[in-house]
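Just upload-v9.cif here, mmCIF, C-alpha atoms:
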```
data_entry
loop_
_atom_site.label_atom_id
_atom_site.label_comp_id
_atom_site.auth_asym_id
_atom_site.auth_seq_id
_atom_site.Cartn_x
_atom_site.Cartn_y
_atom_site.Cartn_z
CA MET A 1 7.95 27.55 19.24
CA GLU A 2 4.79 28.83 20.90
CA VAL A 3 2.80 27.92 17.79
CA LYS A 4 4.11 24.34 17.78
CA LYS A 5 3.51 23.97 21.51
CA LYS A 6 -0.03 25.19 21.03
CA ILE A 7 -0.64 22.60 18.29
CA LEU A 8 0.73 19.72 20.36
CA GLN A 9 -1.40 20.75 23.34
CA HIS A 10 -4.49 20.98 21.11
CA ILE A 11 -3.88 17.46 19.82
CA ASP A 12 -3.54 16.11 23.37
CA GLN A 13 -6.77 17.85 24.34
CA HIS A 14 -8.61 16.28 21.38
CA LYS A 15 -7.35 12.70 21.61
CA ASN A 16 -10.84 11.29 22.03
CA GLU A 17 -12.08 13.16 18.96
CA ILE A 18 -9.19 11.78 16.89
CA VAL A 19 -9.86 8.23 18.05
CA GLU A 20 -13.59 8.54 17.39
CA PHE A 21 -12.92 9.81 13.89
CA LEU A 22 -10.87 6.68 13.14
CA ARG A 23 -13.60 4.48 14.63
CA SER A 24 -16.12 6.15 12.32
CA LEU A 25 -13.93 5.30 9.32
CA ILE A 26 -13.56 1.68 10.36
CA ARG A 27 -17.31 1.30 10.82
CA ILE A 28 -17.76 1.97 7.09
CA PRO A 29 -16.96 -1.33 5.27
CA SER A 30 -15.14 0.21 2.32
CA VAL A 31 -14.05 -3.01 0.62
CA THR A 32 -12.51 -2.36 -2.80
CA GLY A 33 -15.38 -1.66 -5.18
CA SER A 34 -17.61 -0.24 -2.44
CA GLU A 35 -15.91 3.04 -1.57
CA LYS A 36 -18.81 5.45 -2.17
CA GLU A 37 -20.06 5.65 1.43
CA ILE A 38 -16.66 6.43 2.91
CA SER A 39 -15.92 8.90 0.09
CA ASN A 40 -19.08 10.82 0.96
CA PHE A 41 -18.21 10.71 4.65
CA ILE A 42 -14.74 12.15 4.01
CA ALA A 43 -16.09 14.82 1.64
CA LYS A 44 -18.49 16.06 4.33
CA LYS A 45 -15.69 16.16 6.90
CA LEU A 46 -13.41 18.19 4.62
CA ASP A 47 -16.24 20.54 3.74
CA SER A 48 -16.93 21.15 7.43
CA LEU A 49 -13.27 22.13 7.88
CA GLY A 50 -13.52 24.68 5.09
CA LEU A 51 -11.37 22.95 2.47
CA GLU A 52 -11.98 23.18 -1.26
CA VAL A 53 -13.44 19.72 -1.96
CA ASP A 54 -13.23 17.83 -5.25
CA VAL A 55 -15.18 14.59 -5.67
CA TRP A 56 -15.09 12.62 -8.92
CA GLU A 57 -15.10 9.12 -10.38
CA PRO A 58 -11.78 8.10 -12.01
CA ASN A 59 -11.84 8.13 -15.80
CA LEU A 60 -11.16 4.55 -16.90
CA ASN A 61 -10.79 5.47 -20.57
CA GLU A 62 -8.08 8.02 -19.78
CA LEU A 63 -6.37 5.64 -17.36
CA LYS A 64 -6.11 3.01 -20.09
CA LYS A 65 -3.98 5.42 -22.13
CA HIS A 66 -1.47 5.88 -19.31
CA PRO A 67 1.72 3.77 -19.04
CA GLY A 68 0.93 3.17 -15.36
CA TYR A 69 -2.42 1.52 -16.15
CA VAL A 70 -3.12 -1.93 -14.67
CA SER A 71 -5.88 -4.12 -16.13
CA VAL A 72 -9.04 -4.04 -13.98
CA GLU A 73 -12.24 -6.06 -13.68
CA MET A 74 -14.38 -3.30 -12.11
CA ASP A 75 -15.03 0.18 -13.41
CA TYR A 76 -15.25 3.31 -11.24
CA LYS A 77 -18.95 4.04 -11.25
CA ASP A 78 -19.99 5.11 -7.73
CA ARG A 79 -16.37 4.88 -6.57
CA PRO A 80 -15.25 8.51 -6.26
CA ASN A 81 -11.89 9.91 -5.29
CA VAL A 82 -11.93 12.80 -2.83
CA VAL A 83 -9.39 15.62 -2.67
CA GLY A 84 -9.41 18.51 -0.24
CA VAL A 85 -7.23 21.59 -0.69
CA TRP A 86 -6.38 24.06 2.08
CA LYS A 87 -5.04 27.17 0.40
CA GLY A 88 -2.12 28.89 2.05
CA ALA A 89 -1.49 32.61 2.17
CA GLY A 90 1.41 32.30 -0.30
CA GLY A 91 5.17 32.22 -0.05
CA GLY A 92 5.41 28.68 1.31
CA LYS A 93 5.98 25.22 -0.14
CA SER A 94 3.00 22.97 -0.92
CA LEU A 95 2.53 19.56 0.70
CA LEU A 96 0.40 16.63 -0.47
CA PHE A 97 -0.90 13.81 1.73
CA ASN A 98 -2.08 10.58 0.14
CA GLY A 99 -4.09 7.67 1.51
CA HIS A 100 -6.40 4.98 0.18
CA LEU A 101 -10.01 4.49 1.18
CA ASP A 102 -10.38 0.84 0.18
CA VAL A 103 -9.64 -2.20 2.32
CA ILE A 104 -9.68 -5.94 1.71
CA ASN A 105 -12.66 -7.96 2.90
CA ALA A 106 -12.91 -9.56 6.34
CA ASP A 107 -14.65 -12.74 7.51
CA PRO A 108 -16.29 -11.96 10.89
CA SER A 109 -16.47 -15.68 11.72
CA VAL A 110 -12.69 -15.89 12.16
CA TRP A 111 -12.25 -12.56 13.97
CA LYS A 112 -12.37 -12.15 17.74
CA HIS A 113 -13.35 -8.51 17.25
CA ASN A 114 -16.00 -7.13 14.92
CA PRO A 115 -14.01 -6.15 11.80
CA TRP A 116 -16.35 -3.19 11.28
CA GLY A 117 -16.73 -2.25 14.95
CA GLY A 118 -13.71 -0.15 15.86
CA GLU A 119 -13.47 -1.91 19.21
CA ILE A 120 -10.79 -0.85 21.70
CA GLU A 121 -8.91 -3.21 23.99
CA ASN A 122 -5.64 -2.71 25.91
CA GLY A 123 -4.73 0.46 24.05
CA GLN A 124 -5.30 -1.07 20.62
CA LEU A 125 -8.09 -0.20 18.18
CA TYR A 126 -9.34 -3.16 16.15
CA GLY A 127 -10.99 -3.37 12.76
CA ARG A 128 -10.39 -3.94 9.07
CA GLY A 129 -8.26 -1.06 7.89
CA ALA A 130 -7.05 -0.12 11.37
CA SER A 131 -3.47 -0.30 10.12
CA ASP A 132 -4.00 -0.47 6.34
CA MET A 133 -4.71 2.36 6.25
CA LYS A 134 -7.60 4.13 7.90
CA SER A 135 -5.40 5.17 10.81
CA GLY A 136 -3.24 6.95 8.22
CA LEU A 137 -6.32 8.64 6.77
CA ALA A 138 -7.37 9.74 10.26
CA ALA A 139 -3.88 11.03 11.07
CA MET A 140 -3.50 13.21 7.98
CA THR A 141 -7.05 14.55 8.29
CA MET A 142 -6.81 15.40 11.96
CA ALA A 143 -3.31 16.87 11.66
CA LEU A 144 -4.61 19.53 9.29
CA ALA A 145 -7.89 19.84 11.22
CA CYS A 146 -6.00 20.72 14.42
CA ILE A 147 -3.98 23.41 12.61
CA ILE A 148 -7.19 24.90 11.21
CA GLU A 149 -8.94 24.75 14.58
CA VAL A 150 -6.09 26.55 16.34
CA GLY A 151 -6.31 29.28 13.72
CA ILE A 152 -2.81 29.07 12.28
CA ARG A 153 -2.46 30.63 8.84
CA LEU A 154 -0.20 28.49 6.65
CA LYS A 155 1.89 29.94 3.84
CA GLY A 156 1.91 26.86 1.58
CA ASP A 157 -1.04 24.85 0.27
CA VAL A 158 -1.96 21.47 1.77
CA ILE A 159 -3.59 18.82 -0.43
CA LEU A 160 -5.32 15.79 1.09
CA GLU A 161 -5.94 12.87 -1.31
CA TYR A 162 -8.34 10.04 -0.45
CA VAL A 163 -8.16 7.52 -3.25
CA VAL A 164 -9.99 4.37 -4.36
CA ASP A 165 -8.71 1.04 -5.68
CA GLU A 166 -5.26 0.98 -4.13
CA GLU A 167 -5.46 -2.68 -3.20
CA PHE A 168 -5.68 -3.85 -6.83
CA THR A 169 -4.27 -1.14 -9.10
CA GLY A 170 -3.43 2.23 -7.55
CA HIS A 171 -5.62 3.89 -10.18
CA GLY A 172 -7.14 6.26 -7.64
CA THR A 173 -3.80 7.97 -7.10
CA LEU A 174 -2.94 7.79 -10.79
CA ASP A 175 -6.19 9.56 -11.64
CA CYS A 176 -5.39 12.32 -9.13
CA ILE A 177 -2.21 12.89 -11.13
CA LEU A 178 -4.21 12.98 -14.36
CA ARG A 179 -6.37 15.62 -12.66
CA ASN A 180 -3.15 17.61 -12.14
CA TYR A 181 -2.85 17.34 -8.36
CA LYS A 182 0.79 17.68 -7.35
CA ALA A 183 2.91 19.46 -4.77
CA ASP A 184 6.47 20.35 -3.86
CA ALA A 185 6.54 17.16 -1.76
CA GLY A 186 4.25 14.46 -0.42
CA VAL A 187 3.66 12.12 2.50
CA SER A 188 1.97 8.77 1.99
CA CYS A 189 0.40 7.76 5.28
CA GLU A 190 0.63 4.02 4.63
CA ALA A 191 1.43 1.79 7.58
CA SER A 192 5.07 2.38 8.54
CA ASP A 193 5.21 1.67 12.30
CA LEU A 194 6.09 5.37 12.67
CA GLU A 195 9.26 4.76 10.65
CA VAL A 196 10.32 7.29 8.03
CA GLN A 197 10.39 5.33 4.78
CA PRO A 198 11.86 6.96 1.66
CA ALA A 199 11.54 3.77 -0.41
CA ALA A 200 8.91 1.15 -1.24
CA THR A 201 9.41 -2.23 -2.85
CA GLY A 202 7.78 -3.35 -6.07
CA SER A 203 5.38 -6.28 -6.28
CA MET A 204 4.72 -8.56 -9.26
CA TRP A 205 2.29 -11.44 -9.73
CA PHE A 206 3.35 -14.41 -11.83
CA GLU A 207 1.56 -17.38 -13.37
CA ILE A 208 3.21 -20.66 -14.39
CA LYS A 209 1.57 -23.33 -16.58
CA VAL A 210 2.92 -26.86 -16.13
CA ASP A 211 2.03 -29.67 -18.53
CA GLY A 212 1.53 -33.31 -17.64
CA LYS A 213 -0.13 -36.14 -19.52
CA SER A 214 -3.47 -37.66 -18.69
CA ALA A 215 -4.40 -41.31 -19.17
CA SER A 216 -7.22 -43.72 -18.45
CA MET A 217 -7.51 -44.79 -14.86
CA SER A 218 -7.02 -48.31 -16.17
CA ARG A 219 -3.64 -47.25 -17.64
CA ILE A 220 -2.51 -44.95 -14.90
CA TRP A 221 1.16 -45.84 -15.50
CA GLU A 222 0.93 -44.08 -18.86
CA ALA A 223 0.08 -40.76 -17.17
CA VAL A 224 2.42 -37.98 -16.16
CA SER A 225 0.80 -36.19 -13.25
CA ALA A 226 0.77 -32.41 -13.59
CA ILE A 227 0.49 -32.31 -9.81
CA GLU A 228 3.80 -34.12 -9.45
CA LYS A 229 5.49 -31.92 -12.04
CA GLY A 230 3.90 -28.84 -10.51
CA HIS A 231 5.58 -29.71 -7.23
CA VAL A 232 8.93 -29.73 -9.01
CA VAL A 233 8.24 -26.18 -10.15
CA HIS A 234 6.94 -25.17 -6.73
CA LYS A 235 10.20 -26.37 -5.18
CA ALA A 236 12.08 -24.23 -7.73
CA ILE A 237 10.07 -21.18 -6.64
CA GLN A 238 11.02 -21.84 -3.03
CA ASP A 239 14.67 -22.23 -3.98
CA TYR A 240 14.57 -19.01 -6.00
CA GLN A 241 13.29 -17.14 -2.95
CA THR A 242 16.47 -18.16 -1.14
CA VAL A 243 18.48 -16.70 -4.00
CA ARG A 244 16.47 -13.49 -3.82
CA PHE A 245 17.22 -13.14 -0.10
CA GLU A 246 20.86 -12.50 -1.00
CA LYS A 247 19.96 -9.14 -2.60
CA ARG A 248 20.80 -5.97 -0.68
CA HIS A 249 19.72 -2.31 -0.45
CA PRO A 250 20.91 0.25 2.14
CA LEU A 251 17.35 0.87 3.39
CA TYR A 252 16.63 -2.87 3.71
CA PRO A 253 19.26 -4.35 6.06
CA ASP A 254 17.21 -7.56 6.25
CA PRO A 255 15.39 -7.77 2.90
CA LYS A 256 13.45 -11.00 3.46
CA GLY A 257 10.13 -9.29 4.08
CA ALA A 258 10.63 -7.10 1.05
CA LEU A 259 11.70 -9.87 -1.32
CA ALA A 260 9.20 -12.61 -0.50
CA CYS A 261 8.67 -14.83 -3.56
CA PHE A 262 6.06 -17.53 -3.14
CA ALA A 263 3.15 -19.41 -4.64
CA GLY A 264 -0.29 -18.41 -3.45
CA ILE A 265 -2.40 -20.64 -5.73
CA PHE A 266 -1.76 -24.21 -6.90
CA GLN A 267 -4.47 -25.63 -9.15
CA ALA A 268 -4.54 -28.96 -10.97
CA GLY A 269 -7.14 -31.48 -12.04
CA SER A 270 -10.91 -31.52 -12.24
CA TYR A 271 -11.89 -35.16 -11.68
CA PRO A 272 -10.79 -37.51 -8.87
CA SER A 273 -10.62 -40.40 -11.34
CA SER A 274 -8.51 -38.67 -14.00
CA PRO A 275 -4.80 -37.77 -13.66
CA PRO A 276 -4.45 -34.02 -14.37
CA ASP A 277 -2.66 -32.98 -17.54
CA THR A 278 -2.19 -29.32 -16.55
CA CYS A 279 -1.24 -27.41 -13.43
CA THR A 280 -1.36 -23.67 -12.79
CA ILE A 281 0.75 -21.98 -10.14
CA LYS A 282 0.20 -18.33 -9.27
CA GLY A 283 2.33 -16.27 -6.94
CA ARG A 284 3.99 -13.03 -6.02
CA MET A 285 7.51 -11.64 -5.70
CA GLY A 286 8.95 -8.45 -4.29
CA VAL A 287 11.47 -6.19 -6.03
CA LEU A 288 13.93 -3.82 -4.33
CA PRO A 289 14.12 -0.16 -5.42
CA ASN A 290 17.64 -0.64 -6.80
CA GLU A 291 16.50 -3.44 -9.14
CA ASP A 292 15.06 -3.29 -12.63
CA PRO A 293 11.79 -5.28 -12.63
CA ALA A 294 12.45 -6.38 -16.24
CA ASP A 295 15.77 -7.92 -15.19
CA VAL A 296 14.12 -9.68 -12.25
CA LYS A 297 11.47 -11.15 -14.54
CA ARG A 298 14.10 -12.54 -16.92
CA GLU A 299 16.13 -13.98 -14.06
CA PHE A 300 13.08 -15.71 -12.60
CA ILE A 301 12.05 -17.24 -15.93
CA GLU A 302 15.57 -18.52 -16.54
CA TYR A 303 15.77 -20.00 -13.05
CA ILE A 304 12.48 -21.88 -13.39
CA GLU A 305 13.42 -23.18 -16.85
CA ASN A 306 16.88 -24.31 -15.71
CA ALA A 307 15.36 -26.12 -12.72
CA ALA A 308 12.77 -27.76 -14.99
CA LYS A 309 15.49 -29.03 -17.37
CA LYS A 310 16.78 -31.31 -14.61
CA ASP A 311 13.54 -33.30 -14.88
CA PRO A 312 13.30 -35.62 -17.94
CA TRP A 313 9.64 -34.78 -18.63
CA LEU A 314 9.83 -31.04 -17.96
CA ARG A 315 12.99 -30.78 -20.06
CA GLU A 316 10.83 -31.59 -23.08
CA HIS A 317 7.77 -29.72 -21.79
CA LEU A 318 9.12 -26.51 -20.27
CA PRO A 319 6.85 -24.62 -17.88
CA ARG A 320 5.42 -21.40 -19.33
CA VAL A 321 6.01 -18.39 -17.07
CA GLU A 322 4.06 -15.16 -17.42
CA PHE A 323 3.81 -12.04 -15.30
CA THR A 324 0.16 -11.08 -15.23
CA GLY A 325 -2.27 -9.30 -12.92
CA TYR A 326 -1.05 -6.94 -10.21
CA TYR A 327 2.15 -5.07 -10.99
CA ALA A 328 3.71 -2.28 -8.97
CA GLU A 329 7.12 -0.82 -9.60
CA PRO A 330 9.44 -0.03 -6.70
CA ALA A 331 9.91 3.62 -5.79
CA GLU A 332 12.48 5.66 -3.92
CA ILE A 333 13.62 9.18 -3.08
CA PRO A 334 16.96 10.01 -1.39
CA ALA A 335 16.93 9.48 2.36
CA ASP A 336 18.32 13.00 2.74
CA HIS A 337 15.64 14.62 0.58
CA PRO A 338 14.20 17.73 2.29
CA ILE A 339 10.79 16.10 2.84
CA CYS A 340 12.48 13.16 4.58
CA THR A 341 14.58 15.41 6.81
CA THR A 342 11.49 17.49 7.58
CA VAL A 343 9.52 14.45 8.75
CA ILE A 344 12.55 13.26 10.74
CA SER A 345 12.97 16.60 12.52
CA SER A 346 9.21 16.80 13.14
CA PHE A 347 9.29 13.32 14.68
CA GLU A 348 12.15 14.37 16.94
CA GLU A 349 10.25 17.51 18.02
CA ALA A 350 7.09 15.54 18.78
CA THR A 351 8.65 12.57 20.56
CA MET A 352 12.15 13.64 21.69
CA LYS A 353 13.40 10.50 19.95
CA LYS A 354 15.10 9.73 16.65
CA PRO A 355 12.96 7.78 14.16
CA VAL A 356 13.96 4.64 12.37
CA VAL A 357 14.67 5.35 8.69
CA ARG A 358 14.36 2.39 6.33
CA GLY A 359 12.44 0.99 3.38
CA HIS A 360 8.77 0.06 3.21
CA GLU A 361 8.14 -3.67 2.80
CA GLY A 362 5.46 -3.66 0.15
CA ALA A 363 4.20 -1.70 -2.81
CA ALA A 364 2.78 1.80 -2.33
CA ASP A 365 1.18 4.53 -4.40
CA THR A 366 4.36 6.54 -3.97
CA ARG A 367 5.44 4.88 -7.24
CA PHE A 368 2.90 7.00 -9.12
CA LEU A 369 3.48 10.19 -7.17
CA ILE A 370 7.24 10.03 -7.70
CA LYS A 371 7.41 8.76 -11.28
CA TYR A 372 4.39 10.46 -12.86
CA GLY A 373 3.20 13.09 -10.38
CA ALA A 374 6.35 15.22 -9.95
CA THR A 375 5.82 14.90 -6.18
CA PRO A 376 8.74 13.41 -4.22
CA THR A 377 6.99 11.41 -1.52
CA VAL A 378 8.02 9.71 1.71
CA ILE A 379 5.99 7.12 3.64
CA PHE A 380 5.07 7.79 7.27
CA GLY A 381 2.01 6.48 9.10
CA PRO A 382 0.75 5.00 12.36
CA GLY A 383 -0.26 1.60 11.02
CA THR A 384 1.67 -1.54 11.88
CA ILE A 385 2.94 -3.35 8.80
CA THR A 386 2.58 -6.77 10.43
CA GLN A 387 -1.16 -6.04 10.74
CA MET A 388 -1.77 -5.23 7.08
CA HIS A 389 -4.51 -7.62 5.82
CA ALA A 390 -4.31 -9.55 9.10
CA THR A 391 -7.16 -11.18 11.00
CA ASP A 392 -8.09 -9.00 14.00
CA GLU A 393 -6.14 -6.11 12.48
CA TRP A 394 -5.27 -3.39 14.96
CA VAL A 395 -3.40 -0.14 15.48
CA ARG A 396 -1.99 1.29 18.69
CA ILE A 397 -3.92 4.36 19.82
CA GLU A 398 -0.68 5.88 21.11
CA ASP A 399 0.83 5.59 17.63
CA LEU A 400 -2.21 7.25 16.09
CA ILE A 401 -1.86 10.29 18.35
CA THR A 402 1.91 10.44 17.83
CA SER A 403 1.45 10.39 14.07
CA VAL A 404 -1.03 13.28 14.21
CA LYS A 405 1.56 15.31 16.11
CA VAL A 406 4.35 14.44 13.70
CA LEU A 407 2.24 15.23 10.64
CA ALA A 408 0.97 18.50 12.09
CA LEU A 409 4.55 19.61 12.77
CA THR A 410 5.55 18.43 9.30
CA ILE A 411 2.90 20.71 7.80
CA LEU A 412 4.15 23.67 9.83
CA ASN A 413 7.83 23.01 9.14
CA TRP A 414 7.30 22.44 5.41
CA CYS A 415 4.62 24.94 4.51
CA GLY A 416 5.54 27.68 6.96
CA TRP A 417 3.07 29.97 8.71
CA GLU A 418 2.39 33.66 9.12
#
```
Now that the file is in, can you turn its structure into structure tokens?
Amino acid sequence: MEVKKKILQHIDQHKNEIVEFLRSLIRIPSVTGSEKEISNFIAKKLDSLGLEVDVWEPNLNELKKHPGYVSVEMDYKDRPNVVGVWKGAGGGKSLLFNGHLDVINADPSVWKHNPWGGEIENGQLYGRGASDMKSGLAAMTMALACIIEVGIRLKGDVILEYVVDEEFTGHGTLDCILRNYKADAGVSCEASDLEVQPAATGSMWFEIKVDGKSASMSRIWEAVSAIEKGHVVHKAIQDYQTVRFEKRHPLYPDPKGALACFAGIFQAGSYPSSPPDTCTIKGRMGVLPNEDPADVKREFIEYIENAAKKDPWLREHLPRVEFTGYYAEPAEIPADHPICTTVISSFEEATMKKPVVRGHEGAADTRFLIKYGATPTVIFGPGTITQMHATDEWVRIEDLITSVKVLALTILNWCGWE
């Protein structure tokens, strides 16, 4: 117990250093496709701590051969992954931490705070990536850093993964697996509101083509507006979401956030004076871990087609539904898996409270780690899920410090020490 007390005291004494490290990460605008600067920054930090550091650009040709590959528009030139390994003395279990370096873009004109400033106000740290997920990166880095600084000799190895291209494909994590990084268990430090999350939902993008019939503006009554027929399909998507909300999973007592099914793009027409003859609707739906994505796809297509058949025009011109673009399978490990119970007990030691245990509302790279990487992985991080991709994104500083404590104790409890 003296070792754990010493670690917790060290973290309290270095709160400012932890916060400043996160601010440094936020000040690097690592929008997907521009991860090189933050990769170099992380590599230098890990090197200064004495870790074995591996920096490399993901191999697109090898990724294309993998069943987990997702079609991409950008290659990985100047977009390196970074992995740091802290070797244990032996005799303990290994632990892998995973987090992504990339963030979505931010428009400063609509933010109150500078998205790349790391500004602090009322106990909250603002900036793009504050919750998704640079606070997670800071927490896993500083948890190990504090153990190293105190001089504790771990028995098991600790692997820190900092990956690119999570927002679009997850290929950064997949390429770590191809490079043979794995461990007895893993922690993804995605935003979890300090909840212990053994499961993550899947996410699928769909595209629906709706046909109309154009006509001369002087014979407008001969036209069938694709906009009008597109709205029929859009209403069917909304109705289907209501059907989806009836699904259940023990880790998702209220599954609405996990199952959101909606249209994000509605495109039709090119000229104000010509009725459109085509409409394209693009959207997204969530999938629970106890569902087969293939079954969900079939159900959705059947629902849209059955709704369309109630319209005389669409009955003869059925909408064409495809699932294209981003695709992430759901993932899950048992809630009583040893890595879950270790994080739970570490949370209780650090906070004197019991954590909430439930599913993650959104896709995560745990799907690769669990399915292909032989690394059972739980999600735990300081970020707030309601702030993911939000304007004026923030994270609570108190949660950041708590997460560092929990993760440091998780390392000790899982890996053991001499």
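Counting only C-alpha atoms and comparing A:Gly362, A:Tyr126, A:Pro275, A:Ile159, the residue that lies closest to A:Trp221 is A:Pro275.
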(message) Running the PyMOL selection byres ((chain A and resi 259-261) around 9) on this model by hand, what would come out? Give it as a PyMOL selection string.
(response) chain A and resi 201-203+237-238+240-242+244-245+247+255-258+262-263+283-288+361-362
(message) Once the PyMOL selection byres ((chain A and resi 338) around 12) has been evaluated on this model, what residues remain selected, and can you format them as a PyMOL selection string?
(response) chain A and resi 93+95+184-187+198+333-337+339-346+376-378+410+413-414
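Our summary of the geometry notes that atom CA of A:Gln124 is positioned 18.8 Å from atom CA of A:Val103.
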(request) Let me know the residues the PyMOL selection byres ((chain A and resi 300-310) around 12) catches in the file above, as a ChimeraX atom specification. (result) /A:204-211,229-241,243-244,261-262,284-287,293-299,311-323
Could you give me, as JSON lines, a per-residue list for stretch 47-118 of chain A showing, wherever an atom lies at most 7 Å from an atom of stretch 136-151 of chain A, the closest pair of atoms and their distance in Å to one decimal, using all atoms listed in the file and sorting by chain then residue number from low to high?
```
{"residue": "A:Leu49", "atom": "CA", "partner": "A:Ala145", "partner_atom": "CA", "distance": 6.7}
{"residue": "A:Phe97", "atom": "CA", "partner": "A:Met140", "partner_atom": "CA", "distance": 6.8}
{"residue": "A:Gly99", "atom": "CA", "partner": "A:Leu137", "partner_atom": "CA", "distance": 5.8}
```
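Between atom CA of A:Pro80 and atom CA of A:Val31 the separation is 13.5 Å.
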(message) Please list as a list of chain:residue names every residue within 10 Å of A:Lys45, counting all atoms listed in the file and excluding residues in the same chain fewer than 4 positions away.
(response) A:Phe21, A:Ser39, A:Asn40, A:Phe41, A:Leu49, A:Gly50, A:Leu51, A:Val53, A:Gly84, A:Thr141, A:Ala145
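The two atoms in question, atom CA of A:Ser94 and atom CA of A:Glu37, are spaced 28.9 Å apart.
Proximity to A:Gly156 at 7 Å, evaluated using only C-alpha atoms and with sequence-adjacent residues fewer than 5 positions away removed, yields Gly88, Ala89, Gly90, Gly91, Gly92, Lys93, Ser94, Cys415 and Gly416 of chain A.
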Could you write out that same residue set with C-alpha atoms as a PDB file, in the coordinates of the input?
```pdb
ATOM      1  CA  GLY A  88      -2.120  28.890   2.050  1.00  0.00           C
ATOM      2  CA  ALA A  89      -1.490  32.610   2.170  1.00  0.00           C
ATOM      3  CA  GLY A  90       1.410  32.300  -0.300  1.00  0.00           C
ATOM      4  CA  GLY A  91       5.170  32.220  -0.050  1.00  0.00           C
ATOM      5  CA  GLY A  92       5.410  28.680   1.310  1.00  0.00           C
ATOM      6  CA  LYS A  93       5.980  25.220  -0.140  1.00  0.00           C
ATOM      7  CA  SER A  94       3.000  22.970  -0.920  1.00  0.00           C
ATOM      8  CA  CYS A 415       4.620  24.940   4.510  1.00  0.00           C
ATOM      9  CA  GLY A 416       5.540  27.680   6.960  1.00  0.00           C
TER      10      GLY A 416
END
```
(message) Here is a test: counting all atoms listed in the file, which residue of A:Ser131, A:Asn59, A:Ser273, A:Ser216 is nearest to A:Gln387?
(response) A:Ser131
